[in-house]
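Next comes query_10.cif, with mmCIF, C-alpha atoms (C1' of nucleotides).
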data_target
loop_
_atom_site.label_atom_id
_atom_site.label_comp_id
_atom_site.auth_asym_id
_atom_site.auth_seq_id
_atom_site.Cartn_x
_atom_site.Cartn_y
_atom_site.Cartn_z
CA MET A 21 15.28 -27.95 -0.59
CA ARG A 22 15.09 -24.57 1.10
CA ILE A 23 15.51 -21.21 -0.51
CA GLY A 24 19.20 -20.79 0.28
CA GLU A 25 20.17 -24.02 -1.40
CA LEU A 26 18.08 -23.34 -4.47
CA ALA A 27 19.61 -19.88 -4.64
CA ARG A 28 23.13 -21.29 -4.52
CA ARG A 29 22.44 -23.99 -7.04
CA ALA A 30 20.71 -21.65 -9.47
CA GLY A 31 23.14 -18.81 -9.01
CA VAL A 32 20.62 -16.22 -7.83
CA SER A 33 19.87 -14.52 -4.54
CA PRO A 34 17.11 -15.65 -2.20
CA ARG A 35 15.66 -12.19 -2.67
CA ALA A 36 15.37 -12.79 -6.40
CA LEU A 37 13.60 -16.12 -5.83
CA ARG A 38 11.04 -14.50 -3.56
CA TYR A 39 10.49 -11.86 -6.17
CA TYR A 40 9.98 -14.46 -8.89
CA GLU A 41 7.42 -16.12 -6.66
CA GLN A 42 5.71 -12.81 -6.02
CA GLN A 43 5.48 -12.38 -9.79
CA GLY A 44 3.88 -15.77 -10.10
CA LEU A 45 6.76 -17.43 -11.93
CA ILE A 46 7.71 -20.01 -9.37
CA ARG A 47 5.73 -21.61 -6.57
CA ALA A 48 6.91 -23.29 -3.43
CA ARG A 49 5.39 -25.73 -1.01
CA ARG A 50 5.75 -24.75 2.60
CA SER A 51 7.34 -26.79 5.34
CA PRO A 52 5.40 -26.95 8.61
CA ASN A 53 7.63 -24.18 9.94
CA GLY A 54 6.71 -21.90 7.07
CA TYR A 55 9.93 -22.28 5.11
CA ARG A 56 9.66 -22.55 1.35
CA ASP A 57 10.31 -26.04 0.07
CA TYR A 58 11.57 -26.60 -3.49
CA ASP A 59 12.40 -29.68 -5.50
CA GLU A 60 14.84 -30.48 -8.28
CA SER A 61 12.62 -29.28 -11.09
CA ASP A 62 12.75 -25.79 -9.64
CA VAL A 63 16.48 -25.65 -10.23
CA ARG A 64 15.84 -26.21 -13.91
CA ILE A 65 13.09 -23.62 -13.99
CA VAL A 66 15.19 -20.94 -12.36
CA ALA A 67 18.08 -21.77 -14.67
CA GLU A 68 15.75 -21.25 -17.63
CA ILE A 69 14.67 -17.90 -16.25
CA ARG A 70 18.27 -16.79 -15.79
CA ALA A 71 19.31 -17.95 -19.23
CA LEU A 72 16.55 -15.90 -20.78
CA MET A 73 17.19 -12.84 -18.65
CA ALA A 74 20.84 -13.05 -19.63
CA VAL A 75 19.86 -12.36 -23.21
CA GLY A 76 17.58 -9.48 -22.31
CA PHE A 77 14.20 -11.04 -21.62
CA THR A 78 12.09 -9.42 -18.94
CA LEU A 79 10.76 -11.62 -16.16
CA ASP A 80 7.36 -11.52 -17.74
CA ASP A 81 8.78 -12.71 -21.06
CA THR A 82 10.00 -15.88 -19.38
CA ARG A 83 6.53 -16.93 -18.22
CA PRO A 84 5.63 -19.13 -21.22
CA PHE A 85 8.99 -20.86 -20.99
CA VAL A 86 8.40 -21.69 -17.35
CA ASP A 87 4.89 -22.93 -18.12
CA CYS A 88 6.32 -25.02 -20.94
CA LEU A 89 8.87 -26.64 -18.65
CA ARG A 90 6.29 -27.31 -15.98
CA SER A 91 3.94 -28.93 -18.45
CA GLY A 92 6.56 -31.61 -18.93
CA HIS A 93 8.50 -30.47 -21.95
CA PRO A 94 12.22 -31.11 -21.72
CA SER A 95 12.95 -27.68 -23.17
CA GLY A 96 11.24 -24.44 -22.18
CA GLY A 97 11.40 -23.13 -25.70
CA SER A 98 9.62 -25.94 -27.48
CA CYS A 99 6.08 -24.71 -26.91
CA PRO A 100 4.34 -22.49 -29.46
CA GLU A 101 3.94 -19.67 -26.94
CA SER A 102 7.66 -19.70 -26.25
CA VAL A 103 8.50 -19.67 -29.93
CA ALA A 104 6.22 -16.69 -30.36
CA VAL A 105 8.07 -14.86 -27.61
CA TYR A 106 11.40 -15.75 -29.18
CA GLN A 107 10.28 -14.25 -32.45
CA ARG A 108 8.82 -11.19 -30.79
CA LYS A 109 12.09 -10.64 -28.94
CA LEU A 110 14.08 -11.03 -32.14
CA ALA A 111 11.88 -8.41 -33.72
CA GLU A 112 12.30 -6.11 -30.72
CA ILE A 113 16.06 -6.51 -30.80
CA ASP A 114 16.09 -5.75 -34.52
CA THR A 115 14.07 -2.63 -33.89
CA GLU A 116 16.45 -1.53 -31.16
CA ILE A 117 19.44 -2.16 -33.38
CA ARG A 118 17.93 -0.09 -36.17
CA ALA A 119 17.16 2.69 -33.70
CA LEU A 120 20.73 2.62 -32.42
CA LEU A 121 22.14 2.70 -35.92
CA ALA A 122 19.96 5.68 -36.71
CA ARG A 123 21.07 7.44 -33.54
CA ARG A 124 24.66 6.66 -34.35
CA SER A 125 24.46 8.34 -37.71
CA ASP A 126 22.54 11.27 -36.19
CA VAL A 127 25.29 11.78 -33.65
CA ALA A 128 27.98 11.42 -36.27
CA ALA A 129 26.17 13.97 -38.42
CA GLN A 130 25.89 16.42 -35.53
CA LEU A 131 29.57 15.99 -34.81
CA ALA A 132 30.54 16.44 -38.44
CA ASP A 133 28.37 19.54 -38.52
CA ALA A 134 29.72 21.11 -35.34
CA CYS A 135 33.31 20.17 -35.96
CA PRO A 136 34.29 19.29 -39.51
CA GLY A 137 37.39 17.15 -39.41
CA CYS A 138 36.72 15.83 -35.91
CA LEU A 139 35.05 12.77 -37.34
CA VAL A 140 38.04 10.84 -38.50
CA SER A 141 37.53 7.27 -39.53
CA ARG A 142 37.60 5.21 -36.39
CA ARG A 143 37.67 1.54 -35.63
CA GLY A 144 34.80 0.02 -33.71
CA GLU A 145 32.01 0.99 -36.01
CA PRO A 146 29.52 -1.80 -36.43
CA MET B 3 9.91 35.68 -21.09
CA ARG B 4 8.17 33.53 -18.49
CA ILE B 5 8.39 29.78 -18.18
CA GLY B 6 5.23 28.99 -20.14
CA GLU B 7 6.38 30.89 -23.20
CA LEU B 8 9.84 29.36 -23.16
CA ALA B 9 8.24 25.95 -22.77
CA ARG B 10 5.99 26.51 -25.78
CA ARG B 11 8.77 27.90 -27.92
CA ALA B 12 11.20 25.15 -27.03
CA GLY B 13 8.65 22.38 -27.18
CA VAL B 14 9.07 21.15 -23.64
CA SER B 15 6.95 21.27 -20.50
CA PRO B 16 7.42 23.86 -17.75
CA ARG B 17 8.06 20.93 -15.46
CA ALA B 18 10.98 19.85 -17.63
CA LEU B 19 12.46 23.36 -17.56
CA ARG B 20 12.29 23.47 -13.77
CA TYR B 21 13.96 20.10 -13.70
CA TYR B 22 16.75 21.29 -16.01
CA GLU B 23 17.27 24.24 -13.71
CA GLN B 24 17.35 21.97 -10.68
CA GLN B 25 20.06 19.96 -12.42
CA GLY B 26 22.03 23.13 -13.00
CA LEU B 27 21.65 23.19 -16.77
CA ILE B 28 19.73 26.40 -17.14
CA ARG B 29 19.41 29.43 -14.91
CA ALA B 30 16.74 32.07 -14.74
CA ARG B 31 16.57 35.56 -13.43
CA ARG B 32 13.59 36.25 -11.21
CA SER B 33 10.98 38.93 -11.72
CA PRO B 34 10.02 40.93 -8.60
CA ASN B 35 7.02 38.64 -8.17
CA GLY B 36 9.21 35.54 -8.09
CA TYR B 37 8.47 34.35 -11.63
CA ARG B 38 11.35 32.96 -13.65
CA ASP B 39 12.50 35.32 -16.39
CA TYR B 40 14.22 33.98 -19.50
CA ASP B 41 15.68 35.61 -22.58
CA GLU B 42 16.12 34.61 -26.21
CA SER B 43 19.37 32.76 -25.67
CA ASP B 44 17.59 30.32 -23.40
CA VAL B 45 15.43 29.18 -26.29
CA ARG B 46 18.56 28.19 -28.13
CA ILE B 47 20.00 26.43 -25.10
CA VAL B 48 16.89 24.38 -24.48
CA ALA B 49 16.71 23.51 -28.16
CA GLU B 50 20.28 22.23 -27.95
CA ILE B 51 19.40 20.10 -24.93
CA ARG B 52 16.40 18.61 -26.72
CA ALA B 53 18.33 17.91 -29.90
CA LEU B 54 20.90 15.99 -27.91
CA MET B 55 18.37 14.11 -25.83
CA ALA B 56 16.60 13.13 -29.02
CA VAL B 57 19.68 11.16 -30.03
CA GLY B 58 20.02 9.49 -26.67
CA PHE B 59 22.15 11.84 -24.60
CA THR B 60 21.42 12.02 -20.90
CA LEU B 61 20.79 15.42 -19.39
CA ASP B 62 24.21 15.34 -17.84
CA ASP B 63 25.80 14.65 -21.23
CA THR B 64 24.40 17.91 -22.54
CA ARG B 65 26.17 20.04 -19.93
CA PRO B 66 29.32 20.85 -21.93
CA PHE B 67 27.19 21.79 -24.93
CA VAL B 68 25.19 24.21 -22.84
CA ASP B 69 28.36 25.68 -21.37
CA CYS B 70 29.78 25.99 -24.86
CA LEU B 71 26.75 27.90 -26.09
CA ARG B 72 26.76 30.19 -23.08
CA SER B 73 30.42 31.00 -23.53
CA GLY B 74 29.50 32.61 -26.83
CA HIS B 75 30.07 29.88 -29.37
CA PRO B 76 27.48 29.79 -32.12
CA SER B 77 27.33 26.00 -31.91
CA GLY B 78 27.20 23.94 -28.76
CA GLY B 79 29.30 21.20 -30.26
CA SER B 80 32.31 23.25 -31.25
CA CYS B 81 34.10 23.14 -27.91
CA PRO B 82 36.65 20.44 -27.15
CA GLU B 83 34.61 19.13 -24.21
CA SER B 84 31.59 18.71 -26.45
CA VAL B 85 33.58 16.91 -29.09
CA ALA B 86 34.88 14.58 -26.41
CA VAL B 87 31.31 13.80 -25.35
CA TYR B 88 30.31 13.22 -28.97
CA GLN B 89 33.08 10.70 -29.35
CA ARG B 90 32.34 9.03 -26.05
CA LYS B 91 28.69 8.71 -27.05
CA LEU B 92 29.64 7.24 -30.40
CA ALA B 93 31.75 4.69 -28.59
CA GLU B 94 28.89 3.92 -26.17
CA ILE B 95 26.45 3.47 -29.02
CA ASP B 96 28.87 1.16 -30.79
CA THR B 97 29.22 -0.88 -27.63
CA GLU B 98 25.45 -1.12 -27.28
CA ILE B 99 25.07 -2.15 -30.88
CA ARG B 100 27.64 -4.85 -30.48
CA ALA B 101 25.90 -6.07 -27.32
CA LEU B 102 22.56 -6.15 -29.11
CA LEU B 103 24.01 -8.04 -32.05
CA ALA B 104 25.49 -10.57 -29.63
CA ARG B 105 22.17 -10.93 -27.83
CA ARG B 106 20.39 -11.30 -31.12
CA SER B 107 22.52 -14.22 -32.14
CA ASP B 108 22.21 -15.73 -28.67
CA VAL B 109 18.44 -15.60 -28.92
CA ALA B 110 18.48 -16.96 -32.43
CA ALA B 111 20.71 -19.78 -31.26
CA GLN B 112 18.40 -20.61 -28.37
CA LEU B 113 15.45 -20.60 -30.74
CA ALA B 114 17.22 -22.81 -33.26
CA ASP B 115 18.16 -25.12 -30.41
CA ALA B 116 14.69 -25.36 -28.90
CA CYS B 117 12.84 -25.49 -32.17
CA PRO B 118 14.84 -26.47 -35.22
CA GLY B 119 13.09 -25.19 -38.30
CA CYS B 120 11.36 -22.36 -36.45
CA LEU B 121 14.11 -19.95 -37.42
CA VAL B 122 13.24 -19.35 -41.03
CA SER B 123 14.95 -16.52 -42.80
CA ARG B 124 13.07 -13.40 -41.96
CA ARG B 125 13.18 -9.84 -43.18
CA GLY B 126 14.20 -7.13 -40.73
CA GLU B 127 17.53 -8.49 -39.71
CA PRO B 128 20.16 -5.78 -39.48
"C1'" DC C 13 20.99 -21.96 27.36
"C1'" DT C 14 23.09 -19.68 23.89
"C1'" DT C 15 25.03 -18.77 19.62
"C1'" DG C 16 24.85 -18.60 14.73
"C1'" DA C 17 23.14 -19.68 10.39
"C1'" DC C 18 19.27 -19.89 8.24
"C1'" DA C 19 14.27 -18.62 7.40
"C1'" DT C 20 10.04 -15.25 7.34
"C1'" DT C 21 7.44 -10.69 5.88
"C1'" DG C 22 7.48 -5.76 5.00
"C1'" DA C 23 9.31 -1.75 3.44
"C1'" DC C 24 12.66 1.69 1.59
"C1'" DA C 25 16.32 2.79 -2.07
"C1'" DC C 26 17.96 2.96 -6.66
"C1'" DC C 27 18.03 5.10 -11.61
"C1'" DG C 28 16.16 9.29 -15.20
"C1'" DG C 29 13.19 12.37 -16.65
"C1'" DC C 30 9.76 13.91 -16.03
"C1'" DG C 31 3.83 13.73 -15.09
"C1'" DT C 32 0.73 14.98 -11.87
"C1'" DC C 33 -1.44 16.73 -7.85
"C1'" DA C 34 -1.69 19.83 -3.76
"C1'" DA C 35 -1.95 24.23 -1.92
"C1'" DC C 36 -1.04 28.51 -2.64
"C1'" DG C 37 0.21 33.53 -4.93
"C1'" DC C 38 -0.02 36.99 -8.91
"C1'" DT C 39 -2.32 39.44 -12.69
"C1'" DT C 40 -5.69 40.64 -15.86
"C1'" DA C 41 -10.42 41.06 -17.41
"C1'" DC C 42 -15.03 41.36 -16.52
"C1'" DG D 9 -15.22 40.85 -6.16
"C1'" DT D 10 -14.17 37.05 -8.68
"C1'" DA D 11 -12.92 33.84 -12.05
"C1'" DA D 12 -9.45 32.34 -15.29
"C1'" DG D 13 -5.06 31.45 -16.33
"C1'" DC D 14 -0.64 32.03 -15.41
"C1'" DG D 15 3.19 31.31 -11.77
"C1'" DT D 16 5.50 29.19 -7.28
"C1'" DT D 17 7.43 25.09 -4.24
"C1'" DG D 18 7.14 20.35 -2.54
"C1'" DA D 19 6.25 15.77 -2.85
"C1'" DC D 20 4.75 11.29 -4.70
"C1'" DG D 21 4.56 7.95 -8.73
"C1'" DC D 22 6.55 5.32 -12.43
"C1'" DC D 23 9.45 1.35 -14.31
"C1'" DG D 24 12.42 -3.60 -13.18
"C1'" DG D 25 14.88 -6.29 -10.62
"C1'" DT D 26 16.78 -6.61 -7.12
"C1'" DG D 27 20.03 -4.91 -2.54
"C1'" DT D 28 19.53 -4.02 1.94
"C1'" DC D 29 17.75 -3.34 6.49
"C1'" DA D 30 14.46 -4.29 10.31
"C1'" DA D 31 12.16 -7.15 13.38
"C1'" DT D 32 11.19 -11.71 14.31
"C1'" DG D 33 10.96 -17.03 14.08
"C1'" DT D 34 13.32 -21.80 13.61
"C1'" DC D 35 16.57 -25.14 14.33
"C1'" DA D 36 21.02 -27.79 14.98
"C1'" DA D 37 25.45 -27.67 17.39
"C1'" DG D 38 28.30 -26.57 21.36
#
Can you present the structure in this file as structure tokens?
Amino acid sequence: MRIGELARRAGVSPRALRYYEQQGLIRARRSPNGYRDYDESDVRIVAEIRALMAVGFTLDDTRPFVDCLRSGHPSGGSCPESVAVYQRKLAEIDTEIRALLARRSDVAAQLADACPGCLVSRRGEP
Amino acid sequence: MRIGELARRAGVSPRALRYYEQQGLIRARRSPNGYRDYDESDVRIVAEIRALMAVGFTLDDTRPFVDCLRSGHPSGGSCPESVAVYQRKLAEIDTEIRALLARRSDVAAQLADACPGCLVSRRGEP
DNA sequence: CTTGACATTGACACCGGCGTCAACGCTTAC
DNA sequence: GTAAGCGTTGACGCCGGTGTCAATGTCAAG
């Protein structure tokens, strides 16, 4: 399978696939003409990468998941390294949420200070 | 007052002040030798900018606050434009928090899926 | 033979808020 | 005179994940 087909099937651009390769996440055999040549397992790998990026993982975060898949595991998340990343990401997200909540109350306090009465109770607060 | 003194008093770098000027947030008279010349009110303005950036405002977001201060108001947040920005930022923060909460549960779900039992109850959840 | 769809590598652009360096000018103190 | 310590402008770098363009090669169909 060449890069265009993999791109279509995985829902990414060829450019993205070349970048993933440059970052050492995916590898490709080369056809005699120099074209990259992928197989079915690469579709799964790229899908794993996209699924993780969709929930905020960086490319580098996905590395252990890719390694896990390539080592034969049916799921990229079932290796200890992947689980560790999952838990680190959960912790990071929690930290970000706490930071955002703190910023929210800071902003609300500044608003209440600058304009008493402007801060009416509003829907949409977490 | 020259740029170094304003920088020290406002707790920012000279480079940052030049950048703020380039973005049209602050202005400076020029001494005959070409040096920027600031007055006391600029200390207040820069402090306002920093206070807002500290809670996640972009430089551009601070513009109405600066304008408000320069138009003579004792507080940068007491003008209608500033209040509007406050409320828009609150809404943005709420949106981000909701997105993070959604991502958090997505990640937790992926983890529970890949490794049942790995997701023990942990402290630090929002 | 030519066209068109695909492939290749390399490099610039983006976004925000500066840090950092270059190359130079002013001012004060010794 | 000169060294130190300020100031000036201009330009590149960073960070992540591509989009996009350029210049060129490959290959099947008409």
Residue list for chain D near chain B as a list in words, 10 Å, all atoms listed in the file: DC14, DG15 and DT16 of chain D
Hey, could you lay chain B over chain A with a least-squares C-alpha fit (all atoms, paired in order) and save it as an mmCIF file with C-alpha atoms, in the coordinates of the input?
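The new file selection_0.cif reads:
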data_model
loop_
_atom_site.group_PDB
_atom_site.id
_atom_site.type_symbol
_atom_site.label_atom_id
_atom_site.label_comp_id
_atom_site.auth_asym_id
_atom_site.auth_seq_id
_atom_site.Cartn_x
_atom_site.Cartn_y
_atom_site.Cartn_z
ATOM 1 C CA MET B 3 15.354 -27.918 -0.604
ATOM 2 C CA ARG B 4 15.158 -24.543 1.123
ATOM 3 C CA ILE B 5 15.542 -21.169 -0.513
ATOM 4 C CA GLY B 6 19.238 -20.725 0.254
ATOM 5 C CA GLU B 7 20.210 -23.969 -1.427
ATOM 6 C CA LEU B 8 18.116 -23.294 -4.505
ATOM 7 C CA ALA B 9 19.624 -19.824 -4.671
ATOM 8 C CA ARG B 10 23.161 -21.205 -4.533
ATOM 9 C CA ARG B 11 22.474 -23.916 -7.067
ATOM 10 C CA ALA B 12 20.735 -21.594 -9.485
ATOM 11 C CA GLY B 13 23.143 -18.736 -9.005
ATOM 12 C CA VAL B 14 20.625 -16.175 -7.859
ATOM 13 C CA SER B 15 19.857 -14.471 -4.561
ATOM 14 C CA PRO B 16 17.091 -15.610 -2.206
ATOM 15 C CA ARG B 17 15.637 -12.159 -2.665
ATOM 16 C CA ALA B 18 15.369 -12.750 -6.404
ATOM 17 C CA LEU B 19 13.603 -16.080 -5.853
ATOM 18 C CA ARG B 20 11.045 -14.464 -3.561
ATOM 19 C CA TYR B 21 10.526 -11.814 -6.180
ATOM 20 C CA TYR B 22 9.991 -14.427 -8.905
ATOM 21 C CA GLU B 23 7.434 -16.091 -6.678
ATOM 22 C CA GLN B 24 5.713 -12.778 -6.038
ATOM 23 C CA GLN B 25 5.475 -12.325 -9.800
ATOM 24 C CA GLY B 26 3.896 -15.742 -10.106
ATOM 25 C CA LEU B 27 6.782 -17.390 -11.925
ATOM 26 C CA ILE B 28 7.715 -19.984 -9.370
ATOM 27 C CA ARG B 29 5.767 -21.583 -6.558
ATOM 28 C CA ALA B 30 6.950 -23.291 -3.426
ATOM 29 C CA ARG B 31 5.451 -25.729 -1.032
ATOM 30 C CA ARG B 32 5.803 -24.763 2.605
ATOM 31 C CA SER B 33 7.412 -26.819 5.332
ATOM 32 C CA PRO B 34 5.487 -26.997 8.636
ATOM 33 C CA ASN B 35 7.702 -24.213 9.968
ATOM 34 C CA GLY B 36 6.765 -21.897 7.109
ATOM 35 C CA TYR B 37 9.988 -22.279 5.119
ATOM 36 C CA ARG B 38 9.705 -22.526 1.355
ATOM 37 C CA ASP B 39 10.361 -26.030 0.056
ATOM 38 C CA TYR B 40 11.627 -26.575 -3.484
ATOM 39 C CA ASP B 41 12.454 -29.652 -5.513
ATOM 40 C CA GLU B 42 14.893 -30.473 -8.297
ATOM 41 C CA SER B 43 12.657 -29.255 -11.088
ATOM 42 C CA ASP B 44 12.778 -25.765 -9.647
ATOM 43 C CA VAL B 45 16.510 -25.623 -10.255
ATOM 44 C CA ARG B 46 15.849 -26.189 -13.917
ATOM 45 C CA ILE B 47 13.094 -23.590 -14.006
ATOM 46 C CA VAL B 48 15.203 -20.911 -12.384
ATOM 47 C CA ALA B 49 18.076 -21.745 -14.704
ATOM 48 C CA GLU B 50 15.738 -21.235 -17.653
ATOM 49 C CA ILE B 51 14.654 -17.861 -16.285
ATOM 50 C CA ARG B 52 18.262 -16.760 -15.843
ATOM 51 C CA ALA B 53 19.305 -17.937 -19.287
ATOM 52 C CA LEU B 54 16.534 -15.882 -20.821
ATOM 53 C CA MET B 55 17.190 -12.818 -18.712
ATOM 54 C CA ALA B 56 20.832 -13.026 -19.692
ATOM 55 C CA VAL B 57 19.822 -12.357 -23.286
ATOM 56 C CA GLY B 58 17.572 -9.474 -22.379
ATOM 57 C CA PHE B 59 14.192 -11.031 -21.674
ATOM 58 C CA THR B 60 12.067 -9.406 -19.010
ATOM 59 C CA LEU B 61 10.762 -11.586 -16.221
ATOM 60 C CA ASP B 62 7.348 -11.502 -17.785
ATOM 61 C CA ASP B 63 8.768 -12.714 -21.103
ATOM 62 C CA THR B 64 9.992 -15.870 -19.417
ATOM 63 C CA ARG B 65 6.525 -16.925 -18.254
ATOM 64 C CA PRO B 66 5.603 -19.139 -21.225
ATOM 65 C CA PHE B 67 8.974 -20.872 -20.998
ATOM 66 C CA VAL B 68 8.399 -21.668 -17.357
ATOM 67 C CA ASP B 69 4.902 -22.927 -18.105
ATOM 68 C CA CYS B 70 6.308 -25.024 -20.919
ATOM 69 C CA LEU B 71 8.864 -26.643 -18.642
ATOM 70 C CA ARG B 72 6.292 -27.314 -15.951
ATOM 71 C CA SER B 73 3.935 -28.942 -18.410
ATOM 72 C CA GLY B 74 6.553 -31.631 -18.904
ATOM 73 C CA HIS B 75 8.486 -30.481 -21.932
ATOM 74 C CA PRO B 76 12.205 -31.112 -21.697
ATOM 75 C CA SER B 77 12.920 -27.674 -23.148
ATOM 76 C CA GLY B 78 11.217 -24.451 -22.201
ATOM 77 C CA GLY B 79 11.376 -23.133 -25.723
ATOM 78 C CA SER B 80 9.594 -25.957 -27.482
ATOM 79 C CA CYS B 81 6.051 -24.733 -26.914
ATOM 80 C CA PRO B 82 4.312 -22.536 -29.467
ATOM 81 C CA GLU B 83 3.915 -19.686 -26.969
ATOM 82 C CA SER B 84 7.638 -19.717 -26.293
ATOM 83 C CA VAL B 85 8.481 -19.704 -29.961
ATOM 84 C CA ALA B 86 6.181 -16.735 -30.400
ATOM 85 C CA VAL B 87 8.043 -14.880 -27.648
ATOM 86 C CA TYR B 88 11.379 -15.780 -29.232
ATOM 87 C CA GLN B 89 10.250 -14.290 -32.499
ATOM 88 C CA ARG B 90 8.782 -11.221 -30.869
ATOM 89 C CA LYS B 91 12.049 -10.666 -29.012
ATOM 90 C CA LEU B 92 14.036 -11.052 -32.204
ATOM 91 C CA ALA B 93 11.834 -8.435 -33.795
ATOM 92 C CA GLU B 94 12.255 -6.127 -30.774
ATOM 93 C CA ILE B 95 16.013 -6.516 -30.860
ATOM 94 C CA ASP B 96 16.055 -5.756 -34.568
ATOM 95 C CA THR B 97 14.012 -2.640 -33.943
ATOM 96 C CA GLU B 98 16.400 -1.533 -31.211
ATOM 97 C CA ILE B 99 19.386 -2.153 -33.417
ATOM 98 C CA ARG B 100 17.885 -0.120 -36.186
ATOM 99 C CA ALA B 101 17.111 2.690 -33.734
ATOM 100 C CA LEU B 102 20.670 2.624 -32.432
ATOM 101 C CA LEU B 103 22.112 2.688 -35.930
ATOM 102 C CA ALA B 104 19.910 5.682 -36.728
ATOM 103 C CA ARG B 105 20.999 7.448 -33.552
ATOM 104 C CA ARG B 106 24.596 6.664 -34.312
ATOM 105 C CA SER B 107 24.434 8.347 -37.665
ATOM 106 C CA ASP B 108 22.521 11.266 -36.170
ATOM 107 C CA VAL B 109 25.255 11.783 -33.611
ATOM 108 C CA ALA B 110 27.956 11.410 -36.206
ATOM 109 C CA ALA B 111 26.173 13.956 -38.359
ATOM 110 C CA GLN B 112 25.900 16.417 -35.487
ATOM 111 C CA LEU B 113 29.580 15.938 -34.743
ATOM 112 C CA ALA B 114 30.572 16.406 -38.371
ATOM 113 C CA ASP B 115 28.396 19.505 -38.453
ATOM 114 C CA ALA B 116 29.767 21.066 -35.281
ATOM 115 C CA CYS B 117 33.349 20.095 -35.874
ATOM 116 C CA PRO B 118 34.309 19.207 -39.418
ATOM 117 C CA GLY B 119 37.408 17.067 -39.352
ATOM 118 C CA CYS B 120 36.733 15.752 -35.853
ATOM 119 C CA LEU B 121 35.043 12.674 -37.260
ATOM 120 C CA VAL B 122 38.046 10.720 -38.408
ATOM 121 C CA SER B 123 37.545 7.124 -39.348
ATOM 122 C CA ARG B 124 37.621 5.138 -36.183
ATOM 123 C CA ARG B 125 37.687 1.462 -35.371
ATOM 124 C CA GLY B 126 34.730 -0.023 -33.517
ATOM 125 C CA GLU B 127 32.005 0.963 -35.879
ATOM 126 C CA PRO B 128 29.498 -1.823 -36.397
#
What gap, in Å, lies between atom C1' of DT20 of chain C and atom CA of Ala48 of chain A?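 Spanning atom C1' of DT20 of chain C to atom CA of Ala48 of chain A is a straight-line distance of 13.8 Å.
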Would you mind listing, as a VMD selection string, all residues of chain C that have at least one atom within 12 Å of chain A, where only C-alpha atoms (C1' of nucleotides) are what counts? chain C and resid 17 to 21
Counting all atoms listed in the file, a student should be able to say which residues of chain A come within 9 Å of chain B; what is the right answer, written as number ranges by chain? A: 72, 74-76, 95-99, 103, 106-107, 109-111, 113-118, 120-124, 126-128, 130-131, 133-135, 138-139, 144-146
For the structure shown, which residues end up in the PyMOL selection byres ((chain D and resi 9) around 12)? Put them as number ranges by chain, please? C: 42; D: 10-11
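Relative to atom C1' of DG24 of chain D, atom CA of Arg17 of chain B is found at 25.0 Å.
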For atom CA of Arg38 of chain A and atom CA of Met73 of chain A, quote the distance in Å rounded to one decimal. 16.4 Å
Around (10.8, -24.1, -9.9) in the file's own coordinates, what residues are found within 10 Å if you use only C-alpha atoms (C1' of nucleotides), given back as an MDAnalysis selection string? chainID A and resid 26 37 40:41 45:48 58:69 86 89:90
Include C-alpha atoms and write out the residues we just selected as a PDB file, in the frame of the given file.
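File out_33.pdb, as written:
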ATOM      1  CA  LEU A  26      18.080 -23.340  -4.470  1.00  0.00           C
ATOM      2  CA  LEU A  37      13.600 -16.120  -5.830  1.00  0.00           C
ATOM      3  CA  TYR A  40       9.980 -14.460  -8.890  1.00  0.00           C
ATOM      4  CA  GLU A  41       7.420 -16.120  -6.660  1.00  0.00           C
ATOM      5  CA  LEU A  45       6.760 -17.430 -11.930  1.00  0.00           C
ATOM      6  CA  ILE A  46       7.710 -20.010  -9.370  1.00  0.00           C
ATOM      7  CA  ARG A  47       5.730 -21.610  -6.570  1.00  0.00           C
ATOM      8  CA  ALA A  48       6.910 -23.290  -3.430  1.00  0.00           C
ATOM      9  CA  TYR A  58      11.570 -26.600  -3.490  1.00  0.00           C
ATOM     10  CA  ASP A  59      12.400 -29.680  -5.500  1.00  0.00           C
ATOM     11  CA  GLU A  60      14.840 -30.480  -8.280  1.00  0.00           C
ATOM     12  CA  SER A  61      12.620 -29.280 -11.090  1.00  0.00           C
ATOM     13  CA  ASP A  62      12.750 -25.790  -9.640  1.00  0.00           C
ATOM     14  CA  VAL A  63      16.480 -25.650 -10.230  1.00  0.00           C
ATOM     15  CA  ARG A  64      15.840 -26.210 -13.910  1.00  0.00           C
ATOM     16  CA  ILE A  65      13.090 -23.620 -13.990  1.00  0.00           C
ATOM     17  CA  VAL A  66      15.190 -20.940 -12.360  1.00  0.00           C
ATOM     18  CA  ALA A  67      18.080 -21.770 -14.670  1.00  0.00           C
ATOM     19  CA  GLU A  68      15.750 -21.250 -17.630  1.00  0.00           C
ATOM     20  CA  ILE A  69      14.670 -17.900 -16.250  1.00  0.00           C
ATOM     21  CA  VAL A  86       8.400 -21.690 -17.350  1.00  0.00           C
ATOM     22  CA  LEU A  89       8.870 -26.640 -18.650  1.00  0.00           C
ATOM     23  CA  ARG A  90       6.290 -27.310 -15.980  1.00  0.00           C
TER      24      ARG A  90
END
Convert the output of the PyMOL selection byres ((chain C and resi 35) around 12) on the shown file into explicit residues, formatted as a list of chain:residue names.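 So the PyMOL selection byres ((chain C and resi 35) around 12), applied here, picks out C:DC33, C:DA34, C:DC36, C:DG37, D:DT16, D:DT17, D:DG18, D:DA19.
Distances to Cys70 of chain B were evaluated for B:Glu83, B:Pro34, B:Gly119, B:Tyr21 using all atoms listed in the file, and the minimum falls at B:Glu83.
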Just so the selection is clear, what residues does the PyMOL selection byres ((chain D and resi 21) around 12) cover here, as a PDB file with C-alpha atoms (C1' of nucleotides), in the frame of the given file?
ATOM      1  C1'  DC C  30       9.760  13.910 -16.030  1.00  0.00           C
ATOM      2  C1'  DG C  31       3.830  13.730 -15.090  1.00  0.00           C
ATOM      3  C1'  DT C  32       0.730  14.980 -11.870  1.00  0.00           C
ATOM      4  C1'  DC C  33      -1.440  16.730  -7.850  1.00  0.00           C
TER       5       DC C  33
ATOM      6  C1'  DA D  19       6.250  15.770  -2.850  1.00  0.00           C
ATOM      7  C1'  DC D  20       4.750  11.290  -4.700  1.00  0.00           C
ATOM      8  C1'  DC D  22       6.550   5.320 -12.430  1.00  0.00           C
ATOM      9  C1'  DC D  23       9.450   1.350 -14.310  1.00  0.00           C
TER      10       DC D  23
END
